[in-house]
Every structure is written in structure tokens, then in C-alpha cells.
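Okay, so here's the structure we're looking at.
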Amino acid sequence: MTVIVGLVHNGRVHLGGDSAGVAGLRLTVRRDPKIFRNGPYAMGFTTSFRMGQLLHHAFKAPKPKGDLDRFMSTVFVDKLRNCLKAGGWARKDSEQEQSGTFLVGIHGRLFAVYDDYQIAEPADGYAAVGCGDGFALGALHATVGLGLPARKRLSLALAAAGHHSAGVCEPFSYVTARKRPS
């Protein structure tokens, strides 16, 4: 299920997401958002609505300090792990913890958080996660350098994923991370 797309444009991170809730061949159009703000962060999730609810409503997102790469892979991930464990979502398999996948925008930088808690920052300045990610990435790549506004690029990526993936559907929603404080 799902496609979440993100891109960095003019020093801000913009996210877009679909509304599909998929279980087998059953599709439910969900009213609860897959993308949202949590403090200074913009977030968009796939994998589980329960994980997304914890990210949105229970996660006390720490304020970034110091080196952002170090902060995201240590302080941010440690707080995230604690929240997901407390909310009953984190899993353990062969003594390795696992969660889900989501995008995070902060201070003009876009990160993907994967189910093994790795933090990845795409060199291209855009990313997509979920079952429609390949279609969305193709659209984002095809629109590089065309001078389109961020929302238009996200809309085209979401439309491509919605057209080609049975796990993606409208309505689409959008959120932009707050500007970095001066």
C-alpha cells in the first residue's frame, strides 16, 4: 500500500502522500493522513497505520542539535525506537529490532528511515517509499530541471503512482516542513 513522495525545493522539504489503506485485495480510502508535521519535522509513512499514528500523536520529536547526520542516526532514532516499543509496534526478529519505513523532512533536508532504523539521505534531493515508489521516482526524475513548483512535481509523481499501482489512490495530500529557524 501507499506512496509517499518527498523533495527538497528552495531549501524546504515538501511531502505528498496518498490515502489508500490496503489489506489483500481490499482498499479503504483513509481519512487519517499519512503525511503530517510533528514539531519542526514533516513526516510521511508507509508500512502500518499504527506506526503512523504513533509517529503523529505519540512521538515526542526531539529538536535537532549539532551535526544533523549524527543527530538523526543517534538521538532521533533512539527516541523513535522508544516510542515504537512503548506503543507496541516495534518488532524483534533474531534479536534485531525492526520498525517500518517513512520519510522525514527537517531543516531543508530529506531523509528516509527504513525498517532497520537506518537513515538515508538521497543525493538527488527527492525520494519515494511504498508500493508506488518506482512510478513516483520516475516522475520525479523526469521533472528535474523543468522549473516546476514543488507541489506540481509531487502531484505528477503521485498521479503516476496512482495510475500504475493498485495500492495507491486519491485523495492526495501535501505538507511542507517549516523553515529552519534563523
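Note on naming: chains are A, B, ... as they come in the C-alpha cells, residues start from 1 per chain, ligands start from 1 in the order shown.
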Q: Might you pull out every residue within 8 Å of Phe172 (chain A), with only C-alpha atoms counted and same-chain residues fewer than 2 positions away left off, and present them as a PyMOL selection string?
A: chain A and resi 16-19+155+158+169-170+174
Q: Name all residues at most 12 Å from Asp116 (chain A) (count only C-alpha atoms; drop same-chain ones fewer than 5 positions away) and give them as a ChimeraX atom specification.
A: /A:73,77,80-81,90-93,95-102
Selection file, C-alpha atoms, as a short mmCIF file (atom, residue, chain, number, x, y, z; two decimals), in the first residue's frame:
data_model
loop_
_atom_site.label_atom_id
_atom_site.label_comp_id
_atom_site.auth_asym_id
_atom_site.auth_seq_id
_atom_site.Cartn_x
_atom_site.Cartn_y
_atom_site.Cartn_z
CA SER A 73 21.15 8.43 13.27
CA VAL A 77 16.45 7.03 16.11
CA LEU A 80 11.86 6.74 17.72
CA ARG A 81 12.74 3.22 18.93
CA ALA A 90 8.47 -2.34 17.15
CA ARG A 91 9.27 -5.95 16.24
CA LYS A 92 12.23 -8.14 17.07
CA ASP A 93 13.44 -10.92 14.79
CA GLU A 95 17.49 -10.22 18.16
CA GLN A 96 17.31 -7.45 15.54
CA GLU A 97 14.74 -4.69 16.03
CA GLN A 98 12.58 -3.65 13.10
CA SER A 99 10.05 -0.91 12.53
CA GLY A 100 8.60 0.50 9.33
CA THR A 101 9.51 2.93 6.57
CA PHE A 102 8.87 6.66 6.38
#
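You can rank A:Tyr41, A:Phe36, A:Phe135, A:Trp89 by their closest distance to Arg12 (chain A) using only C-alpha atoms, and at the top of that list sits A:Tyr41.
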Q: Give the answer as one residue: which of A:Ala20, A:Leu146, A:Leu140, A:Ile106 has the shortest atom-to-atom distance to Asn38 (chain A), using only C-alpha atoms?
A: A:Ile106
Q) How far is it from CA of Leu7 (chain A) to CA of Gln118 (chain A), in Å with one decimal? A) 19.0 Å
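Nearest to Ser48 (chain A) of all the residues A:Lys179, A:Asn10, A:Leu84, A:Asp133 is A:Leu84, based on only C-alpha atoms.
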Quick one: everything within 6 Å of region 120-126 of chain A, counting only C-alpha atoms, minus sequence neighbours fewer than 6 positions away in the same chain. Send it as a tab-separated table (two decimals) with all heavy atoms, in the first residue's frame.
chain	number	residue	atom	x	y	z
A	6	GLY	N	8.75	12.79	-1.52
A	6	GLY	CA	9.33	13.98	-0.90
A	6	GLY	C	10.38	14.58	-1.80
A	6	GLY	O	11.01	13.88	-2.58
A	7	LEU	N	10.52	15.90	-1.69
A	7	LEU	CA	11.58	16.56	-2.43
A	7	LEU	C	12.00	17.82	-1.72
A	7	LEU	O	11.23	18.42	-0.97
A	7	LEU	CB	11.19	16.84	-3.88
A	7	LEU	CG	10.06	17.81	-4.19
A	7	LEU	CD1	10.60	19.21	-4.36
A	7	LEU	CD2	9.38	17.40	-5.48
A	8	VAL	N	13.25	18.18	-1.97
A	8	VAL	CA	13.80	19.42	-1.44
A	8	VAL	C	13.69	20.46	-2.55
A	8	VAL	O	14.12	20.21	-3.69
A	8	VAL	CB	15.27	19.24	-1.02
A	8	VAL	CG1	15.84	20.56	-0.51
A	8	VAL	CG2	15.39	18.15	0.04
A	111	PHE	N	15.14	12.84	4.53
A	111	PHE	CA	15.68	11.56	4.95
A	111	PHE	C	14.63	10.47	4.80
A	111	PHE	O	13.44	10.72	5.01
A	111	PHE	CB	16.10	11.60	6.43
A	111	PHE	CG	17.16	12.61	6.74
A	111	PHE	CD1	16.83	13.88	7.17
A	111	PHE	CD2	18.51	12.29	6.60
A	111	PHE	CE1	17.81	14.81	7.47
A	111	PHE	CE2	19.50	13.21	6.89
A	111	PHE	CZ	19.15	14.48	7.33
A	112	ALA	N	15.08	9.28	4.48
A	112	ALA	CA	14.24	8.09	4.55
A	112	ALA	C	14.70	7.30	5.77
A	112	ALA	O	15.90	7.14	6.00
A	112	ALA	CB	14.39	7.24	3.29
Q: Among the residues of region 9-171 of chain A, find those DSSP assigns to strand (DSSP E) from the backbone and print them as an MDAnalysis selection string.
A: chainID A and resid 9 12:17 20:23 26:29 35:38 41:45 91:93 96:98 102:106 109:113 119:120 126:129
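Every protein, DNA or RNA residue with an atom at most 9 Å from Phe49 (chain A), where only C-alpha atoms count and chain neighbours fewer than 3 positions away do not, is listed here: Gly21, Asp32, Lys34, Phe45, Thr46, Gly52, Gln53 and Leu54 of chain A.
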Output file for the selection above: N, CA, C and O atoms, as a compact mmCIF listing (two decimals), in the first residue's frame:
# COMPACT_ATOMS: atom_id res chain seq x y z
N GLY A 21 -5.63 2.57 2.09
CA GLY A 21 -5.40 1.57 3.12
C GLY A 21 -5.69 0.24 2.47
O GLY A 21 -6.82 -0.02 2.04
N ASP A 32 -7.56 9.54 7.83
CA ASP A 32 -6.40 9.92 8.63
C ASP A 32 -5.17 10.04 7.72
O ASP A 32 -4.93 9.20 6.88
N LYS A 34 -1.44 10.27 6.00
CA LYS A 34 -0.16 9.56 6.01
C LYS A 34 1.01 10.54 6.06
O LYS A 34 2.14 10.13 6.24
N PHE A 45 4.49 8.31 6.14
CA PHE A 45 4.79 6.91 6.43
C PHE A 45 4.13 5.95 5.46
O PHE A 45 3.12 6.23 4.83
N THR A 46 4.70 4.76 5.41
CA THR A 46 4.13 3.59 4.79
C THR A 46 4.24 2.46 5.82
O THR A 46 4.54 2.74 6.97
N GLY A 52 2.23 4.93 11.91
CA GLY A 52 1.98 6.33 11.56
C GLY A 52 1.26 7.09 12.67
O GLY A 52 1.57 8.25 12.94
N GLN A 53 0.31 6.43 13.31
CA GLN A 53 -0.40 7.08 14.42
C GLN A 53 0.56 7.36 15.57
O GLN A 53 0.48 8.42 16.21
N LEU A 54 1.46 6.44 15.83
CA LEU A 54 2.45 6.68 16.89
C LEU A 54 3.39 7.82 16.50
O LEU A 54 3.70 8.69 17.34
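One distance worth recording is that between CA of Gly132 (chain A) and CA of Ala58 (chain A), which is 27.2 Å.
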Q: Show which residues sit within 12 Å of Arg180 (chain A), as a list in words. Count only C-alpha atoms, and ignore same-chain residues fewer than 5 positions away.
A: Asn10, Gly11, Arg12, Val13, Gly39, Pro40, Tyr41, Lys63, Pro64, Gly105, Ile106, His107, Gly108 and Arg109 of chain A
Output N, CA and C atoms for every residue in that selection, as a CSV table (one decimal), in the first residue's frame.
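Contents of again-v8.csv, as written:
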chain,number,residue,atom,x,y,z
A,10,ASN,N,14.0,24.8,-3.0
A,10,ASN,CA,14.2,26.1,-2.4
A,10,ASN,C,14.5,26.1,-0.9
A,11,GLY,N,15.2,25.1,-0.5
A,11,GLY,CA,15.6,25.0,0.9
A,11,GLY,C,14.6,24.5,1.9
A,12,ARG,N,13.5,24.0,1.3
A,12,ARG,CA,12.4,23.4,2.2
A,12,ARG,C,12.1,22.0,1.7
A,13,VAL,N,11.6,21.1,2.6
A,13,VAL,CA,11.2,19.8,2.2
A,13,VAL,C,9.7,19.8,2.1
A,39,GLY,N,6.2,18.7,15.3
A,39,GLY,CA,7.2,19.7,15.7
A,39,GLY,C,7.8,20.3,14.4
A,40,PRO,N,9.2,20.4,14.3
A,40,PRO,CA,9.8,21.0,13.2
A,40,PRO,C,9.9,20.1,11.9
A,41,TYR,N,9.4,18.9,12.1
A,41,TYR,CA,9.5,17.8,11.1
A,41,TYR,C,8.3,17.7,10.2
A,63,LYS,N,14.2,18.1,19.2
A,63,LYS,CA,14.7,19.3,18.4
A,63,LYS,C,16.1,19.0,17.9
A,64,PRO,N,16.4,19.1,16.6
A,64,PRO,CA,17.7,18.8,16.1
A,64,PRO,C,18.8,19.7,16.7
A,105,GLY,N,11.4,15.2,6.7
A,105,GLY,CA,12.0,16.4,6.3
A,105,GLY,C,12.3,17.3,7.5
A,106,ILE,N,13.5,17.9,7.5
A,106,ILE,CA,13.9,18.8,8.6
A,106,ILE,C,15.0,19.7,8.1
A,107,HIS,N,14.9,21.0,8.3
A,107,HIS,CA,15.9,22.0,8.0
A,107,HIS,C,16.4,21.9,6.6
A,108,GLY,N,15.5,21.7,5.7
A,108,GLY,CA,15.8,21.7,4.2
A,108,GLY,C,16.5,20.4,3.8
A,109,ARG,N,16.4,19.3,4.6
A,109,ARG,CA,17.0,18.0,4.2
A,109,ARG,C,15.9,16.9,4.3
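By chain and then residue number, the residues within 10 Å of Ala139 (chain A) are Asp133, Gly134, Phe135, Ala136, Leu137, His141, Ala142, Thr143, Val144, Arg153, Leu154, Ser155, Leu156, Ala157, Leu158, Ala159, Ala160 and Ala161 of chain A, counting only C-alpha atoms and disregarding those fewer than 2 positions away in sequence.
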Selected residues, N, CA, C and O atoms, written as a compact mmCIF listing (two decimals), in the first residue's frame, please.
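See out_7.txt below for the written result:
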# COMPACT_ATOMS: atom_id res chain seq x y z
N ASP A 133 6.46 3.50 -5.17
CA ASP A 133 7.67 4.34 -5.17
C ASP A 133 8.39 4.39 -6.51
O ASP A 133 8.86 5.45 -6.92
N GLY A 134 8.46 3.29 -7.24
CA GLY A 134 9.16 3.28 -8.53
C GLY A 134 8.53 4.22 -9.54
O GLY A 134 9.23 4.93 -10.27
N PHE A 135 7.20 4.22 -9.59
CA PHE A 135 6.49 5.10 -10.53
C PHE A 135 6.70 6.56 -10.14
O PHE A 135 6.94 7.42 -10.99
N ALA A 136 6.62 6.84 -8.83
CA ALA A 136 6.81 8.20 -8.35
C ALA A 136 8.24 8.68 -8.61
O ALA A 136 8.44 9.83 -9.02
N LEU A 137 9.22 7.81 -8.36
CA LEU A 137 10.61 8.20 -8.59
C LEU A 137 10.85 8.51 -10.07
O LEU A 137 11.58 9.46 -10.39
N HIS A 141 12.16 12.09 -11.33
CA HIS A 141 13.36 12.19 -12.17
C HIS A 141 13.05 12.93 -13.47
O HIS A 141 13.83 13.79 -13.91
N ALA A 142 11.94 12.59 -14.09
CA ALA A 142 11.58 13.18 -15.38
C ALA A 142 11.29 14.68 -15.29
O ALA A 142 11.38 15.39 -16.28
N THR A 143 10.96 15.17 -14.09
CA THR A 143 10.62 16.58 -13.94
C THR A 143 11.76 17.43 -13.40
O THR A 143 11.60 18.64 -13.23
N VAL A 144 12.92 16.82 -13.14
CA VAL A 144 14.09 17.60 -12.70
C VAL A 144 14.44 18.59 -13.80
O VAL A 144 14.47 18.26 -14.98
N ARG A 153 5.40 19.02 -9.06
CA ARG A 153 6.21 17.81 -9.20
C ARG A 153 5.66 16.68 -8.34
O ARG A 153 5.58 15.54 -8.78
N LEU A 154 5.30 17.01 -7.10
CA LEU A 154 4.71 15.99 -6.22
C LEU A 154 3.40 15.46 -6.81
O LEU A 154 3.15 14.25 -6.79
N SER A 155 2.57 16.36 -7.32
CA SER A 155 1.28 15.95 -7.92
C SER A 155 1.49 15.00 -9.09
O SER A 155 0.76 14.00 -9.23
N LEU A 156 2.46 15.30 -9.94
CA LEU A 156 2.73 14.43 -11.07
C LEU A 156 3.24 13.06 -10.62
O LEU A 156 2.86 12.03 -11.16
N ALA A 157 4.09 13.05 -9.59
CA ALA A 157 4.61 11.78 -9.07
C ALA A 157 3.49 10.95 -8.45
O ALA A 157 3.40 9.74 -8.66
N LEU A 158 2.63 11.59 -7.67
CA LEU A 158 1.51 10.87 -7.06
C LEU A 158 0.54 10.36 -8.12
O LEU A 158 0.04 9.23 -8.02
N ALA A 159 0.27 11.17 -9.14
CA ALA A 159 -0.63 10.75 -10.22
C ALA A 159 -0.06 9.54 -10.97
O ALA A 159 -0.80 8.61 -11.31
N ALA A 160 1.25 9.56 -11.23
CA ALA A 160 1.87 8.42 -11.92
C ALA A 160 1.73 7.16 -11.08
O ALA A 160 1.37 6.09 -11.60
N ALA A 161 2.01 7.27 -9.79
CA ALA A 161 1.89 6.10 -8.91
C ALA A 161 0.43 5.64 -8.82
O ALA A 161 0.15 4.44 -8.85
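Of the listed residues (A:Gly24, A:Thr176, A:Thr47, A:Asp67), A:Thr47 comes nearest to Tyr114 (chain A); the distances count only C-alpha atoms.
Of the residues under consideration (A:Lys152, A:Arg50, A:Arg26, A:Lys65), A:Arg26 shows the shortest atom-to-atom contact distance to Gly167 (chain A) when counting only C-alpha atoms.
The space between CA of Tyr117 (chain A) and CA of Met1 (chain A) spans 20.1 Å.
Nearest residue to Gly162 (chain A), choosing from A:Gly44, A:Gly87, A:Gly130, A:Pro33 and counting only C-alpha atoms: A:Gly130.
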